[in-house]
Amino acid sequence: MTPRPLAAVPLAVVALGLALSSAFDASARDGEAAASATRAMFVTTKPSTRRSHGHDSALPRETPKRFCAWGDCAVSEGKLPDPHPGSACPAGTANVDDRFCVDRWEASLVEVLPDGREAPWPPFNAVEDGHVLRAVSAPNVYPQAYISGAQAAKACAAAGKRLCAPVEWRKACMGPGGQAFGYGGERVTGRCNDESQGRSPMLRLYPQVATSWSLVGMTEMNDPRLNQLVGTLSTTGSHEGCTNGYGVFDMVGNLHEWTNDPHGTFQGGYYLDTHHNGDGCAYRTVAHEVTYHDYSTGFRCCADASEPNSTRL
């Protein structure tokens, strides 16, 4: 069985194992470089190792990684649905070549109350057990971070949708022209909410991480204040140029977006990094299981397109 690709960590942290996996800042680099075609991921020979995603220059650099080409790793890519010309998509989604539908904006959440009413879920709060939450795709709101892949899948299902397969997600991100950043083949500074903005919020609130990651854990990584600092999270669609011909926004940067890979994969980068795990739409992090969440993890939903002459309920 091909080992799951994971990023290496300092030996002192490896010795602590999974118990400290959540202690790594989401601004710590997953890889030293990306392949020129951005079709590679990092792998080590220690399947139990976990670390985080992204990079901040103030943090210590780590050991080199080796590459694993897509298709050779334990990632369930999924398959693009066949096109059905004339297919329809629900409101708030974009039609991707009559193959499937994808949310135009990163997801936010509403809580379905016992009496059937709905109330916005605070986007800076982690998802809690005992609440019925539904995914919503809307502009000009803060998207939901602090969410795991499993929680995101449940929220999409409550909306009559599903998480995108990794291959669907990239197709939607790259746009009709198949461009690395959706809006074009090269990164344009400031076009999206990406690594040109701000500085690691973990370093600002928890400067001790520059000395030792063991000084922080899951509580700190899910601190509601992190995404409320200046230069961090942006509202959906506020970077008007961060789009493509399908009319989807913020697929590069802002928040990592979970896909339906059961091994745990999120794509697209976040507001500090859209490069170190692949450029733009090819950015992919595979170092966490689907139950993981921190301030950088978000999502959007996909849906099956209605075939011509069918009625969507």
# chains A, B, ... in the order shown; residues from 1 in each chain; ligands from 1

$ closest_atom_pairs --of "range 125-151 of chain A" --to "range 242-264 of chain A" --cutoff "8 Å" --atoms "only C-alpha atoms" --output "tab-separated table"
residue	atom	partner	partner_atom	distance
A:Ala145	CA	A:Leu255	CA	7.1
A:Ser148	CA	A:Trp258	CA	7.8
A:Gly149	CA	A:Trp258	CA	5.5

$ write_last_selection --atoms "N, CA, C and O atoms" --output "PDB file, in the first residue's frame"
ATOM      1  N   ALA A 145     -14.613  29.302   9.016  1.00  0.00           N
ATOM      2  CA  ALA A 145     -13.353  28.590   9.231  1.00  0.00           C
ATOM      3  C   ALA A 145     -13.556  27.669  10.423  1.00  0.00           C
ATOM      4  O   ALA A 145     -14.685  27.349  10.790  1.00  0.00           O
ATOM      5  N   SER A 148     -13.944  21.079  10.359  1.00  0.00           N
ATOM      6  CA  SER A 148     -13.283  19.872   9.856  1.00  0.00           C
ATOM      7  C   SER A 148     -13.920  19.422   8.551  1.00  0.00           C
ATOM      8  O   SER A 148     -15.022  19.863   8.188  1.00  0.00           O
ATOM      9  N   GLY A 149     -13.248  18.506   7.881  1.00  0.00           N
ATOM     10  CA  GLY A 149     -13.814  17.944   6.664  1.00  0.00           C
ATOM     11  C   GLY A 149     -15.106  17.200   6.924  1.00  0.00           C
ATOM     12  O   GLY A 149     -16.063  17.276   6.139  1.00  0.00           O
TER      13      GLY A 149
END

$ residues_around --residues "range 152-157 of chain A" --least-positions-apart "4" --cutoff "8 Å" --atoms "only C-alpha atoms" --output "list in words"
Leu109, Leu133, Arg134, Ala135, Ile147, Ser148, Lys161, Arg162, Leu163, Trp258, Asn260, Gly298, Phe299, Arg300 and Cys301 of chain A

$ residues_around --residues "Val96 in chain A" --least-positions-apart "4" --cutoff "7 Å" --atoms "only C-alpha atoms" --output "compact mmCIF listing (two decimals) with N, CA and C atoms, in the first residue's frame"
# COMPACT_ATOMS: atom_id res chain seq x y z
N PHE A 100 -21.21 19.61 -13.34
CA PHE A 100 -21.59 19.67 -11.93
C PHE A 100 -21.74 21.13 -11.54
N CYS A 101 -22.19 21.37 -10.35
CA CYS A 101 -22.39 22.72 -9.83
C CYS A 101 -21.47 22.93 -8.64
N ALA A 172 -13.14 23.51 -11.20
CA ALA A 172 -13.88 24.74 -10.93
C ALA A 172 -12.94 25.90 -10.68
N TYR A 246 -16.12 30.89 -14.72
CA TYR A 246 -17.30 30.24 -14.16
C TYR A 246 -18.03 31.14 -13.16

$ atom_distance --atom1 "CA of Tyr283 in chain A" --atom2 "CA of Asn140 in chain A"
24.4 Å

$ atom_distance --atom1 "CA of Ser238 in chain A" --atom2 "CA of Lys171 in chain A"
22.1 Å

$ atom_distance --atom1 "CA of Ser296 in chain A" --atom2 "CA of Pro123 in chain A"
11.8 Å

$ residues_around --residues "Phe181 in chain A" --least-positions-apart "2" --cutoff "8 Å" --atoms "only C-alpha atoms" --output "list in words"
Cys173, Met174, Gln179, Tyr183, Gly184, Gly185, Glu186, Arg187, Val252, Asp279, Gly280 and Cys281 of chain A

$ closest_residue --among "A:Ala210, A:Leu215, A:Ala74, A:Ala94" --to "Pro176 in chain A" --atoms "only C-alpha atoms"
A:Ala94
